[in-house]
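Have a look at coords-v4.txt; it's compact mmCIF, C-alpha atoms:
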# COMPACT_ATOMS: atom_id res chain seq x y z
CA VAL A 1 78.86 -66.16 -13.42
CA HIS A 2 76.27 -66.55 -16.13
CA PHE A 3 76.77 -63.46 -18.31
CA PRO A 4 76.79 -64.61 -21.95
CA PHE A 5 74.82 -61.58 -23.04
CA MET A 6 77.37 -58.95 -24.00
CA ASP A 7 80.68 -58.12 -25.58
CA GLN A 8 82.61 -56.89 -22.55
CA THR A 9 84.63 -54.38 -24.61
CA GLN A 10 81.79 -53.01 -26.75
CA PRO A 11 81.08 -49.34 -25.89
CA GLN A 12 77.51 -48.20 -25.49
CA SER A 13 76.50 -44.61 -26.39
CA GLN A 14 79.61 -42.49 -25.87
CA THR A 15 78.27 -38.95 -26.08
CA CYS A 16 74.63 -38.80 -24.96
CA GLY A 17 72.30 -39.94 -22.20
CA PRO A 18 73.51 -41.52 -18.95
CA GLN A 19 76.36 -43.32 -20.73
CA GLY A 20 77.66 -40.05 -22.18
CA PHE A 21 77.42 -38.24 -18.85
CA TRP A 22 79.29 -40.95 -16.93
CA ASN A 23 81.83 -41.47 -19.70
CA LEU A 24 82.76 -37.79 -19.43
CA TYR A 25 82.68 -37.94 -15.64
CA HIS A 26 85.02 -40.91 -15.38
CA ALA A 27 87.35 -39.44 -18.00
CA GLN A 28 87.90 -36.55 -15.60
CA THR A 29 87.44 -38.07 -12.13
CA ALA A 30 88.50 -41.19 -10.27
CA VAL A 31 86.89 -41.74 -6.89
CA ASP A 32 85.75 -44.67 -4.74
CA TRP A 33 82.27 -43.85 -3.49
CA ILE A 34 81.14 -43.89 0.12
CA LEU A 35 83.81 -46.23 1.55
CA GLU A 36 87.30 -47.10 0.41
CA PRO A 37 87.59 -50.82 -0.37
CA THR A 38 89.50 -52.65 2.36
CA ILE A 39 89.92 -56.22 3.56
CA GLU A 40 87.86 -55.18 6.60
CA LEU A 41 84.97 -54.14 4.37
CA CYS A 42 85.14 -57.42 2.43
CA GLU A 43 85.07 -59.27 5.74
CA VAL A 44 81.87 -57.49 6.81
CA LEU A 45 80.20 -58.10 3.46
CA PHE A 46 81.35 -61.72 3.21
CA PRO A 47 82.69 -63.08 6.54
CA SER A 48 85.57 -65.42 5.71
CA GLN A 49 84.50 -68.15 8.13
CA ALA A 50 81.14 -68.41 6.39
CA SER A 51 82.16 -67.71 2.81
CA CYS A 52 85.72 -68.89 2.19
CA ASP A 53 84.63 -72.26 0.78
CA LEU A 54 81.52 -71.06 -1.05
CA ALA A 55 81.38 -70.78 -4.83
CA CYS A 56 79.50 -67.48 -4.61
CA GLU A 57 78.64 -65.48 -7.75
CA VAL A 58 78.72 -61.72 -7.17
CA LEU A 59 77.51 -58.96 -9.49
CA GLU A 60 78.62 -55.43 -8.62
CA ILE A 61 76.51 -52.67 -10.22
CA GLY A 62 77.52 -49.05 -10.67
CA ALA A 63 81.11 -49.97 -9.82
CA GLY A 64 82.69 -47.03 -11.62
CA THR A 65 86.47 -47.21 -11.14
CA SER A 66 86.21 -48.78 -7.68
CA THR A 67 88.69 -51.47 -6.65
CA LEU A 68 86.13 -53.31 -4.51
CA SER A 69 85.44 -56.12 -6.99
CA ASP A 70 89.17 -56.63 -7.55
CA LEU A 71 89.86 -56.84 -3.82
CA LEU A 72 86.88 -59.13 -3.29
CA ALA A 73 87.98 -61.48 -6.08
CA ARG A 74 91.53 -61.67 -4.71
CA SER A 75 90.46 -62.22 -1.10
CA ARG A 76 87.74 -64.77 -2.01
CA PRO A 77 89.28 -66.97 -4.74
CA ASN A 78 86.27 -69.30 -4.77
CA PHE A 79 84.00 -66.41 -5.74
CA LYS A 80 83.17 -65.41 -9.30
CA VAL A 81 82.89 -61.63 -9.50
CA LEU A 82 81.50 -59.44 -12.28
CA SER A 83 82.17 -55.71 -11.96
CA THR A 84 79.85 -53.55 -14.08
CA ASP A 85 79.10 -49.93 -14.83
CA VAL A 86 77.09 -47.96 -17.38
CA SER A 87 80.30 -46.22 -18.50
CA HIS A 88 82.67 -48.03 -20.83
CA VAL A 89 85.30 -45.43 -19.87
CA ALA A 90 85.11 -46.55 -16.23
CA ILE A 91 85.31 -50.21 -17.24
CA SER A 92 88.27 -49.54 -19.55
CA GLN A 93 90.09 -47.71 -16.76
CA ALA A 94 89.45 -50.56 -14.34
CA GLN A 95 90.77 -53.08 -16.84
CA ALA A 96 93.84 -50.97 -17.62
CA ARG A 97 94.61 -50.55 -13.92
CA ASP A 98 95.61 -54.20 -13.64
CA PRO A 99 96.84 -55.97 -16.77
CA ALA A 100 96.83 -59.28 -14.84
CA PRO A 101 93.50 -59.40 -12.98
CA PRO A 102 92.50 -62.47 -10.96
CA SER A 103 90.95 -65.19 -13.10
CA ASN A 104 87.69 -65.05 -11.14
CA LEU A 105 87.07 -61.37 -11.99
CA THR A 106 85.32 -60.09 -15.12
CA TYR A 107 84.40 -56.55 -16.21
CA ALA A 108 81.42 -55.57 -18.37
CA VAL A 109 79.34 -52.57 -19.39
CA LEU A 110 75.83 -52.73 -17.91
CA ASP A 111 73.05 -50.16 -17.50
CA ALA A 112 71.35 -51.10 -14.22
CA ILE A 113 68.02 -49.43 -15.02
CA GLU A 114 67.47 -50.53 -18.60
CA PRO A 115 65.38 -53.66 -19.25
CA ASN A 116 68.08 -56.27 -19.03
CA ILE A 117 68.75 -59.77 -20.25
CA THR A 118 67.49 -62.31 -17.73
CA SER A 119 70.44 -64.65 -18.29
CA ILE A 120 72.26 -62.80 -15.50
CA SER A 121 72.26 -65.00 -12.41
CA ALA A 122 74.03 -64.09 -9.17
CA ASP A 123 73.96 -65.05 -5.51
CA VAL A 124 74.69 -61.47 -4.48
CA VAL A 125 74.15 -58.11 -6.15
CA LEU A 126 76.55 -55.60 -4.60
CA ASP A 127 75.79 -51.88 -4.76
CA LYS A 128 78.21 -49.28 -3.36
CA GLY A 129 76.91 -46.02 -4.77
CA CYS A 130 74.53 -46.95 -7.60
CA LEU A 131 71.21 -46.60 -5.77
CA ASP A 132 72.52 -43.65 -3.75
CA THR A 133 73.50 -41.81 -6.93
CA PHE A 134 69.98 -42.15 -8.32
CA LEU A 135 68.53 -40.77 -5.09
CA PHE A 136 70.94 -37.84 -5.10
CA ARG A 137 70.78 -36.87 -8.77
CA LEU A 138 67.16 -37.51 -9.74
CA LYS A 139 64.27 -35.14 -9.22
CA HIS A 140 61.70 -36.33 -6.68
CA ALA A 141 59.13 -37.34 -9.33
CA GLU A 142 61.73 -39.46 -11.16
CA ARG A 143 62.95 -41.41 -8.16
CA GLU A 144 60.22 -44.01 -7.64
CA PRO A 145 59.95 -45.13 -11.30
CA THR A 146 63.74 -45.26 -11.61
CA LEU A 147 64.18 -47.21 -8.38
CA LEU A 148 61.48 -49.61 -9.51
CA LYS A 149 63.45 -50.28 -12.70
CA LEU A 150 66.59 -50.86 -10.66
CA LEU A 151 64.95 -53.11 -8.06
CA THR A 152 63.09 -55.08 -10.73
CA ASN A 153 66.40 -55.77 -12.48
CA VAL A 154 68.10 -56.72 -9.21
CA TYR A 155 65.23 -59.07 -8.41
CA GLY A 156 65.61 -60.70 -11.82
CA TRP A 157 69.37 -61.05 -11.52
CA LEU A 158 69.32 -62.68 -8.10
CA LYS A 159 69.05 -66.42 -7.71
CA GLU A 160 66.32 -67.74 -5.42
CA GLY A 161 67.14 -66.61 -1.90
CA GLY A 162 69.91 -64.31 -3.17
CA THR A 163 70.93 -61.09 -1.42
CA TYR A 164 71.04 -57.46 -2.52
CA MET A 165 73.66 -55.55 -0.48
CA VAL A 166 73.59 -51.76 -0.55
CA VAL A 167 76.31 -49.63 1.03
CA SER A 168 74.84 -46.16 1.53
CA PRO A 169 75.32 -43.00 3.60
CA ARG A 170 71.54 -43.12 4.11
CA LYS A 171 70.18 -44.86 7.17
CA VAL A 172 66.64 -44.98 5.80
CA LEU A 173 65.88 -46.28 2.30
CA PRO A 174 62.08 -46.62 2.27
CA LYS A 175 61.69 -47.98 -1.27
CA LEU A 176 64.34 -50.60 -0.62
CA ARG A 177 62.73 -51.57 2.69
CA ASP A 178 59.20 -51.67 1.24
CA PHE A 179 59.90 -53.45 -2.06
CA LYS A 180 57.67 -56.54 -2.16
CA GLY A 181 60.23 -58.56 -4.10
CA PHE A 182 62.31 -58.85 -0.94
CA SER A 183 61.25 -61.23 1.83
CA GLU A 184 63.74 -59.94 4.41
CA TYR A 185 65.35 -56.56 5.04
CA SER A 186 67.93 -55.49 7.60
CA ARG A 187 70.48 -52.74 8.08
CA SER A 188 73.60 -52.28 10.16
CA PRO A 189 76.05 -49.40 10.64
CA LEU A 190 79.51 -49.35 9.10
CA PRO A 191 81.38 -47.09 11.55
CA LEU A 192 83.70 -44.55 9.98
CA SER A 193 86.02 -45.16 12.93
CA THR A 194 86.60 -48.64 11.47
CA PHE A 195 86.31 -48.07 7.72
CA ARG A 196 87.89 -45.41 5.51
CA ALA A 197 85.43 -42.87 4.14
CA GLY A 198 85.26 -42.51 0.37
CA GLY A 199 83.77 -39.76 -1.76
CA LEU A 200 80.14 -38.71 -2.03
CA ASP A 201 78.40 -37.51 -5.18
CA GLY A 202 78.17 -33.73 -5.20
CA GLY A 203 80.89 -33.37 -2.55
CA ARG A 204 78.42 -33.99 0.29
CA GLU A 205 79.75 -34.28 3.82
CA GLN A 206 79.70 -37.85 5.10
CA SER A 207 78.73 -38.57 8.70
CA GLU A 208 77.61 -42.21 8.66
CA VAL A 209 77.46 -45.28 6.42
CA TRP A 210 74.98 -48.16 6.48
CA LEU A 211 74.86 -51.65 5.02
CA HIS A 212 71.38 -52.63 3.86
CA ARG A 213 70.71 -56.32 3.13
CA CYS A 214 67.66 -57.58 1.23
CA LYS A 215 66.82 -61.21 0.56
CA LYS A 216 64.98 -62.14 -2.62
CA GLY A 217 61.46 -63.35 -1.93
CA ALA A 218 58.54 -64.67 -3.90
CA THR A 219 57.20 -63.05 -7.05
CA PHE A 220 55.68 -59.59 -6.70
CA ASP A 221 52.99 -57.62 -8.51
CA ALA A 222 54.74 -55.14 -10.80
CA ALA A 223 51.63 -52.93 -10.70
CA ASN A 224 51.80 -52.76 -6.89
CA PRO A 225 55.48 -53.29 -6.00
CA PHE A 226 55.80 -51.37 -2.73
CA LYS A 227 54.23 -51.93 0.67
CA VAL A 228 52.00 -49.10 1.79
CA GLU A 229 51.49 -48.52 5.48
CA GLU A 230 47.97 -47.45 6.31
CA GLU A 231 47.86 -44.11 8.11
CA PRO A 232 45.45 -43.68 11.02
CA HIS A 233 42.72 -41.16 10.40
CA VAL A 234 42.45 -40.17 14.05
CA CYS A 235 45.37 -39.67 16.42
CA ALA A 236 45.26 -40.86 20.03
CA CYS A 237 45.00 -37.22 21.07
CA GLY A 238 41.76 -36.88 19.15
CA LYS A 239 43.10 -34.85 16.27
CA THR A 240 41.65 -35.85 12.91
CA ARG A 241 43.78 -36.38 9.84
CA GLY A 242 43.61 -33.58 7.32
CA ALA A 243 45.44 -33.85 4.03
CA GLY A 244 47.86 -36.43 5.43
CA GLY A 245 51.45 -36.47 4.25
CA ARG A 246 54.64 -35.92 6.20
CA LYS A 247 53.22 -33.37 8.64
CA TRP A 248 50.45 -35.77 9.71
CA ARG A 249 52.80 -38.76 10.00
CA ASN A 250 55.19 -36.77 12.18
CA HIS A 251 52.32 -35.68 14.40
CA VAL A 252 51.12 -39.27 14.90
CA LYS A 253 54.66 -40.53 15.49
CA HIS A 254 55.60 -37.94 18.09
CA CYS A 255 52.26 -37.09 19.70
CA LYS A 256 52.17 -37.90 23.40
CA GLY A 257 48.39 -37.91 23.57
Will you turn the file into structure tokens for me?
Amino acid sequence: VHFPFMDQTQPQSQTCGPQGFWNLYHAQTAVDWILEPTIELCEVLFPSQASCDLACEVLEIGAGTSTLSDLLARSRPNFKVLSTDVSHVAISQAQARDPAPPSNLTYAVLDAIEPNITSISADVVLDKGCLDTFLFRLKHAEREPTLLKLLTNVYGWLKEGGTYMVVSPRKVLPKLRDFKGFSEYSRSPLPLSTFRAGGLDGGREQSEVWLHRCKKGATFDAANPFKVEEEPHVCACGKTRGAGGRKWRNHVKHCKG
């Protein structure tokens, strides 16, 4: 994988900002978010019949102390996998967990929402908890600008036609679906009857898990990065739109005329 941009053992800020928060968090907690890594999960993400001979380059963001990248690298020896997190504590723990990691696995500290070096180039960006953590922890007004930073970075990291895979407990991710940098979007369920549930930020109860896939498209306008669906001003029942918003959209969606 093309990551000549950083010293993989160099800590970022240890006591303040996001790095400080997650350094403290990972010093106290070890959890695999959303789903426990299993061979079955790797098979869904990268079916062996289609991927076993591919020299695929995978970047995992927000990996924390997850073992997913390690399992993926071992089960797909032709892959090159880079496991990253904003916390150098998490990365150090992951490195210490296995003193003899597979040769196709590398660890590095990376802040997924900071303006990043464009030398990163991957076929797949894998996200099991990064985007979901932003949605859970950020205030409403902070979400869109933060997600735009994240998606802009992901877009820049992906090779032409590359794929962004997001494992999330959320069935609907509007900003992901509507980002103009992606030419294709799809989602599929990951049944908890088949896969082992992991932890959720904040101790939330988990009822379902979804795999969202986005394919990198053409260039997009950074000033207008999300698709906006025009709302009708008059419903079929004759009611006229007032201030709009969620109440109006729900009325139009469910009105039977």
As a PyMOL selection string, please: the residues near Val58 of chain A (cut-off 6 Å, only C-alpha atoms, same-chain neighbours under 2 positions excluded). chain A and resi 81+122+124-125
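The residue that comes closest to Tyr25 of chain A, out of A:Thr146, A:Thr152, A:Ser87, A:Ser183 and on the basis of all atoms listed in the file, is A:Ser87.
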Counting all atoms listed in the file, which of A:Asn153, A:Ser207, A:Ser69, A:Ser188 gets nearest to Asn116 of chain A?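 Using all atoms listed in the file, the shortest distance to Asn116 of chain A belongs to A:Asn153.
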Selected residue, from A:Leu126, A:Leu54, A:Ala100, A:Val172, that lies nearest to Leu82 of chain A when counting all atoms listed in the file: A:Leu126
Would you kindly return, as an MDAnalysis selection string, each protein, DNA or RNA residue with an atom no farther than 8 Å from any atom of segment 215-219 of chain A, considering all atoms listed in the file and excluding same-chain residues fewer than 2 positions away? chainID A and resid 155 158:164 180:185 213 221
Could you list, as a PyMOL selection string, every residue within 10 Å of Ala90 of chain A, counting all atoms listed in the file and ignoring same-chain residues fewer than 6 positions away? chain A and resi 22-27+29-30+62-66+84+96+108-109
Take every atom of segment 149-161 of chain A listed in the file, fit an axis-aligned box around them, add 6 Å per side, and give the centre and edge lengths in Å to one decimal as AutoDock Vina command-line options.
--center_x 66.2 --center_y -59.0 --center_z -7.3 --size_x 18.3 --size_y 29.5 --size_z 22.8
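The coordinates place atom CA of Arg196 of chain A at 20.7 Å from atom CA of Ile61 of chain A.
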Figure out the distance between atom CA of Val166 of chain A and atom CA of Glu43 of chain A, please, to one decimal in Å.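 Atom CA of Val166 of chain A lies 15.1 Å from atom CA of Glu43 of chain A.
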A:Cys42, A:Leu173, A:Ala141, A:Leu200: which is nearest Arg187 of chain A, counting only C-alpha atoms?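 The answer is A:Leu173, which sits nearest to Arg187 of chain A.
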Smallest atom-to-atom distance to Cys235 of chain A: which of A:Pro102, A:Ala222, A:Ser83, A:His251, using all atoms listed in the file?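 Checking each candidate against Cys235 of chain A, we get A:His251 as the closest.
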Top pick for closest residue to Ala73 of chain A, considering A:Thr106, A:Ser121, A:Gln95, A:Gln19 and counting only C-alpha atoms: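 Nearest to Ala73 of chain A: A:Thr106.
In this model, the gap between atom CA of Thr67 of chain A and atom CA of Ala94 of chain A comes to 7.8 Å.
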Around the point (77.2, -43.5, 9.4) in the file's coordinates, collect all residues with an atom within 9 Å, using only C-alpha atoms, and return them as number ranges by chain. A: 168-171, 189-192, 206-210
